[in-house]
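Asks: Below: one structure in structure tokens.
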Number of protein chains: 2
Amino acid sequence: MKSLLLGILFLVALTAWSQHRDYPIQAVPFTNVKLTDNFWLPRIKTNHTVTIPASFERCESTGRVKNFEMAAAKSGKFCTIFPFDDTDIYKTIEGASFSLSLYPDKNLELYIDTLITKILAAQEPDGYLYTARTINPKEPHHWAGPERWVKERELSHELYNSGHLFEAAAAHYQATGKRNLLDIALRNADLICSVFGPDKMHVAPGHQVVEMGLVKLYRITGKKEYLQTAKYFIEERGHYTGYDPKSKDPWKSGAYWQDHKPVTEQMEATGHAVRAGYLYAAMADIAALTDDKAFLNAIDSIWNNVVTKKIYIQGGVGAIGDGERFGENYELPNATAYNETCAAIANVYWNHRMFLLHGDAKYIDILEKSLYNGLISGVGMDGKSFFYTNAMEIKNSFLHKDMEAQRSGWFPCSCCPTNVTRLIPSVPGYIYAQKGSDVYVNLFISGTSSITVNNKPVQIEQKNNYPWDGKLTFAIAPKTAQAFNLLVRLPGWSQNQAMPSDLYTFADASDKKVVITVNGKPENYTVQNGYAVLNKKWKKGDVVEVNLPMDVRKIVANKNVKNDIGKIALQRGPIVYCAEWPDNNGKTSNLIIPAGTSFTTEYKADLLNGVTVLKGEATAIKVDTQHNAVSTTKQNFTAIPYYAWAHRGKGEMAIWFPVTITDIDIISK
Amino acid sequence: MKSLLLGILFLVALTAWSQHRDYPIQAVPFTNVKLTDNFWLPRIKTNHTVTIPASFERCESTGRVKNFEMAAAKSGKFCTIFPFDDTDIYKTIEGASFSLSLYPDKNLELYIDTLITKILAAQEPDGYLYTARTINPKEPHHWAGPERWVKERELSHELYNSGHLFEAAAAHYQATGKRNLLDIALRNADLICSVFGPDKMHVAPGHQVVEMGLVKLYRITGKKEYLQTAKYFIEERGHYTGYDPKSKDPWKSGAYWQDHKPVTEQMEATGHAVRAGYLYAAMADIAALTDDKAFLNAIDSIWNNVVTKKIYIQGGVGAIGDGERFGENYELPNATAYNETCAAIANVYWNHRMFLLHGDAKYIDILEKSLYNGLISGVGMDGKSFFYTNAMEIKNSFLHKDMEAQRSGWFPCSCCPTNVTRLIPSVPGYIYAQKGSDVYVNLFISGTSSITVNNKPVQIEQKNNYPWDGKLTFAIAPKTAQAFNLLVRLPGWSQNQAMPSDLYTFADASDKKVVITVNGKPENYTVQNGYAVLNKKWKKGDVVEVNLPMDVRKIVANKNVKNDIGKIALQRGPIVYCAEWPDNNGKTSNLIIPAGTSFTTEYKADLLNGVTVLKGEATAIKVDTQHNAVSTTKQNFTAIPYYAWAHRGKGEMAIWFPVTITDIDIISK
């Protein structure tokens, strides 16, 4: 009840700000959406009951909390590995804040308050907050530099810490209405704004996120300096003279940090993929808030570059392990795919903002692809095991580079687990959006949303068994009957588009159409920017039913993606499939799926928390090591959703399958 | 007759210098050795009749000669690609000089004299010789720098040009007794010695060779400045402050140029493999001439590093294409092996000098391995087609990087063809060596050598059908009977050593011994540093017969060489074999050679100018693309000498063969 009230307050605040320029489309905040969904609610619940407590527990046991206590006491020795370990506490508080909106939990709130007290005590009088220095300023962490911020560009991550503090503070304030963390954040933000700027200290932050964070504080407070400093940090990129712009080494050229040229001249995604995603998201914020056309032009170009040349079929970005970064155009190797979980999360943030700017469903296509595939693959069903990287294939061969084939607990650098912690419970915030009386339905997640259209409340209740079933129902319940546009996203995959680009296409076109009925009667609809536009005078009791065709589709990659030539991948609805060893005779790298292979589907409630599997017949190559012989046989083939892999022990996994054998490479041992 | 006279003069000169410190062992110069060999003489003849004229013709037609004419006229525009194109003329003159010793040829001598006249005319009054600047000093070649030598470290190669001039001048003087080219070289060397030095201009030459060249001029003239400047250039390495010693990028760290640390601290082979080989050879020269223990220590370490971790089984070095350089330890990939022909040549120069320093047969094992395998593979049987790089395998797959699968004429950078031109006719100079009354026989090449032992002439006549037959005869003919040690090299491979390291070993030990008879009677011999020591009072008519076991041997690589795990290579005598597509059903990447496979040998006079082939039975994997099926069959297997590959059209080739199939990779198209 309290969060609903806060949500409404938030909406009122949004309306008050509407005289300011901002995104033309506004997301319906997570506080206004209550889930009943079979797919997402259990994940959010596990996140609440397992991941968040486990994450706080790790923050305690690893010494992250102790770092704050020592900073308050100004004695001791920083006792974790990285100077940005403070952020794990902030990120978990952010996740807990989102989660409290669905699962009110007094004990959790109380615990967070004790943490906030410790954070407050660790903050220096002028607002500086960075335990790696404050504990002992004479001997700060070796990455921190002898003075505040002097190593910010390369290593210290002081502004990265601040950025995650701001993100957490905004979510905590939004979810609870409490200002205790927000006030800490504002004092820190004021200090930063007083230190950095065109006529002050110069720096392009080493790891972006402070820019998004400052924008959130600006939205809450209306304080222009926050927006200006965020913009300043972004514009400062590309002016450092210590790089060699001609170097192909991304560290030497500055491209690793997106610092190789001014951001308005950057037209391709480059460098560390998390930093990049956070930068592009912040540029979208600034473009929306200041109508900056040059920023808009750059991120439009960069988005096109990612979507046409630098994203994996399961939504992963950042193909290259050396630098956790974007590769060259079409450089999407399977055997060594890096695909950091954090990069998928950053990509969700960015694509959501691109949608809010442009109102096109293609951005949500990318968001949905990440969300249902290469992002949630990053967390195990137990809620406490994680992938830092997300493999595209696992082959049991000593010749192949060892990719992560099993989830672990925390990592020395635990950015991904805590990023998952904050992303999962924020999903309700991505479902709906609004532009005046246009109401967007972006994601198909069961639950109830409270929206205000033309100052009158409207409830929308979704019921479905998505992503396994394409039948979606929406009960529209305005308090009083009124006309507005309901814009229901028609997923690209339901429109014969495997991607909003030619990077991946369906092998065969389907002539199945999306069927929409209102109160049982077929509804004619126009399609606009990828949305079915339903323009009616809606009244309580109206039911919209949308039927998405859920055929199994074969995907082929652009011929420039060398490792996917002659291969197919499998998708059904938004779900990208993989084959895993336990379902396929212990092996997957030996499978061929000949042209013409057809698939049946089966929902298995007891498998991997309930998944629809694909079944068909594959050609398998058998190696008889004893007789040095190979042969080919037919065998049953089963594919599971990619996100659910790696829950049944270590072994082979594949997403792309050859259609024919042209040749083979012999592996000997 | 004339060259014999000159050779004797040369030996007298050597004796005169013997009060100076130099190599403890002295090579018997090429001028004293006349070949009748079935393997090498045809190669030297083809080099003489085809390669040398073709090379001079290319120097004319590409504008290399014209560059000299324009430099003399001080007008025109440098008309070839690289500022070091002058060296192709020098290197061809060097090769022609060696060749004249076996094939006296008045017309060739005359033509060389006309070239020397043009070179003289292009030389500036103070001795500077570099057509890329002299033609138009105001607008020199863009690599040359605005002033002499200011870009020497990176790009200009002015000292590289000088080095090859010195090498050519020394060979030309040694072969013909003429001073016309030598005088040009000495004027240039005097200029260089006046410009560079500890108190003068500083530079570590960008591409080594001037150091070896200066040493040769020192040996001819006794002028200490040449030796001092050569040593200075070497000692100057590792002191440039513009590199980042911590960078992994060999260009940024200076390792590409062997300039990352002082040479006496360099313990591993690194950077561009040709530059490295020339450096290490020059360090051996300086170590011999100045008794520099620190130089000796460094090259001993580097040699161990190469032989234990950085050389291919066919003698190639410089595994990495990006930078034509040495890789990391055990980084010897087959699919992308670079193996520049020039690097094999540099390695021969260096190993010959290591032998002259240490008197150990292991250096000649490496020299012989290069010479009979990965070096002569660089030139085609026609004498006018060349490999710049020497592949370790060719697989017909779009997924595999395209290595050179056919020899070409010249390359834009024609260093390798002209380097082959000078190496081939120098082979007679590597056969014999002497240390007082110890006479070393290093290579088994038929012909007659005139040696002076204890001031008395001795003739040694070798007759054999090496490398196909292990029966070697040596007719020893001292003018008057006298006692001396004949040290006959026992090749490592005849002693169960595939390499003088554990990088490659024979899969099975052989108990066959080398049998030596003198005048038909078995001779007991001691073995010393890899040589059979035959200590007798020799008299005219004495015949030594050495029988080397010529079994087919299987080689396995050190387990750290990832790409060779589970594989074998084949060797017989000094010859490393490969399988090539025309002899193996059009394909080689599908072949398995099971444990226990035995081989027969057959000399085929009409194949590839006469080669002994190996025959056996292999397991072949067949791909039936029409039915998406694979299977295994037995088929006849034929291997040819590696050096002879790529004469019958483009197709697959392999040196390493899996023994078992552990797994396969599917290639799809």
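Here's how to read the names in the structure tokens: chain A, B, ... by the order shown, residue numbers from 1 in each chain, ligand numbers from 1 in the order shown.
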Give me, as an MDAnalysis selection string, the residues of chain A touching chain B, with the criterion being at most 6 Å (counting only C-alpha atoms).

Replies: chainID A and resid 565:566 625 628:632 658 660:669

Asks: Those same residues - N, CA, C and O atoms - I'd like them written as a tab-separated table (two decimals), in the first residue's frame.

Replies:
chain	number	residue	atom	x	y	z
A	565	ILE	N	28.88	-19.76	-40.25
A	565	ILE	CA	28.59	-20.11	-41.64
A	565	ILE	C	28.14	-21.57	-41.73
A	565	ILE	O	28.74	-22.46	-41.13
A	566	GLY	N	27.07	-21.78	-42.47
A	566	GLY	CA	26.56	-23.14	-42.66
A	566	GLY	C	25.85	-23.69	-41.44
A	566	GLY	O	25.59	-24.88	-41.37
A	625	THR	N	37.32	-44.27	-30.55
A	625	THR	CA	38.75	-44.03	-30.33
A	625	THR	C	39.54	-45.33	-30.34
A	625	THR	O	40.70	-45.36	-30.70
A	628	ASN	N	40.05	-46.10	-33.96
A	628	ASN	CA	40.42	-44.96	-34.80
A	628	ASN	C	39.43	-44.78	-35.94
A	628	ASN	O	39.81	-44.62	-37.10
A	629	ALA	N	38.15	-44.85	-35.62
A	629	ALA	CA	37.16	-44.81	-36.70
A	629	ALA	C	36.08	-43.78	-36.38
A	629	ALA	O	35.80	-43.49	-35.21
A	630	VAL	N	35.50	-43.24	-37.40
A	630	VAL	CA	34.36	-42.35	-37.21
A	630	VAL	C	33.20	-42.84	-38.06
A	630	VAL	O	33.38	-43.51	-39.07
A	631	SER	N	31.99	-42.50	-37.63
A	631	SER	CA	30.81	-42.89	-38.40
A	631	SER	C	29.70	-41.91	-38.07
A	631	SER	O	29.82	-41.07	-37.17
A	632	THR	N	28.62	-42.00	-38.80
A	632	THR	CA	27.50	-41.09	-38.63
A	632	THR	C	26.26	-41.90	-38.27
A	632	THR	O	26.03	-42.96	-38.85
A	658	PRO	N	25.76	-27.13	-37.27
A	658	PRO	CA	25.97	-27.24	-38.72
A	658	PRO	C	24.80	-27.96	-39.37
A	658	PRO	O	24.21	-28.87	-38.80
A	660	THR	N	25.21	-29.05	-42.65
A	660	THR	CA	25.89	-30.08	-43.45
A	660	THR	C	27.33	-30.20	-42.96
A	660	THR	O	27.84	-29.29	-42.34
A	661	ILE	N	27.93	-31.33	-43.28
A	661	ILE	CA	29.37	-31.47	-43.04
A	661	ILE	C	30.08	-31.17	-44.34
A	661	ILE	O	29.83	-31.82	-45.36
A	662	THR	N	30.94	-30.19	-44.33
A	662	THR	CA	31.77	-29.95	-45.50
A	662	THR	C	33.11	-30.62	-45.31
A	662	THR	O	33.73	-31.12	-46.23
A	663	ASP	N	33.55	-30.61	-44.09
A	663	ASP	CA	34.87	-31.14	-43.80
A	663	ASP	C	34.95	-31.35	-42.29
A	663	ASP	O	34.03	-30.97	-41.57
A	664	ILE	N	36.01	-31.93	-41.84
A	664	ILE	CA	36.20	-32.07	-40.40
A	664	ILE	C	37.64	-31.74	-40.04
A	664	ILE	O	38.53	-31.78	-40.88
A	665	ASP	N	37.83	-31.36	-38.79
A	665	ASP	CA	39.18	-31.26	-38.23
A	665	ASP	C	39.34	-32.41	-37.24
A	665	ASP	O	38.45	-32.65	-36.43
A	666	ILE	N	40.45	-33.08	-37.33
A	666	ILE	CA	40.71	-34.18	-36.41
A	666	ILE	C	41.35	-33.64	-35.14
A	666	ILE	O	42.30	-32.86	-35.21
A	667	ILE	N	40.84	-34.02	-34.00
A	667	ILE	CA	41.47	-33.67	-32.73
A	667	ILE	C	42.07	-34.94	-32.16
A	667	ILE	O	41.42	-35.97	-32.07
A	668	SER	N	43.32	-34.84	-31.81
A	668	SER	CA	44.07	-36.00	-31.34
A	668	SER	C	44.59	-35.69	-29.94
A	668	SER	O	44.74	-34.54	-29.58
A	669	LYS	N	44.86	-36.71	-29.18
A	669	LYS	CA	45.29	-36.46	-27.81
A	669	LYS	C	46.38	-37.43	-27.42
A	669	LYS	O	46.32	-38.60	-27.75

Asks: Name the residues in contact with range 460-468 of chain A at a cut-off of 8 Å, using only C-alpha atoms, excluding same-chain residues fewer than 3 positions from it; report them as a PyMOL selection string.

Replies: chain A and resi 37-39+444-451+471-477+573-575+603+611-612

Asks: Taking the DSSP secondary structure from the backbone, can you list the residues of range 477-585 of chain B that are strand (DSSP E), as a ChimeraX atom specification?

Replies: /B:477-478,482-489,504-506,515-518,521-522,526-528,531-538,542-547,552-557,567-572,575-580

Asks: Under the rule that only C-alpha atoms are counted, which of B:Glu57, B:Glu331, B:Asp22, B:Asp105 is the nearest residue to Asp292 in chain B?

Replies: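 So, comparing all the options, the nearest one is B:Asp22.
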
Asks: Find, counting only C-alpha atoms, the residue in B:Ala639, B:Val65, B:Ile311, B:Val317 that gets nearest to Thr80 in chain B.

Replies: B:Val65

Asks: Between A:Ala273, A:Ile394, A:Leu155, A:Ile286, which residue has the minimum interatomic distance to Asn339 in chain A, considering only C-alpha atoms?

Replies: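 Closest to Asn339 in chain A of all the choices is A:Ala273.
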
Asks: Which neighbours of range 179-194 of chain B fall inside 6 Å, counting only C-alpha atoms, when residues of the same chain fewer than 2 positions from it are skipped, and could you give them as a PyMOL selection string?

Replies: chain B and resi 127-128+166+169+173+196+229

Asks: In Å, how far is it from CA of Asn585 in chain A to CA of Tyr372 in chain A?

Replies: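 These two atoms are separated by 26.6 Å.
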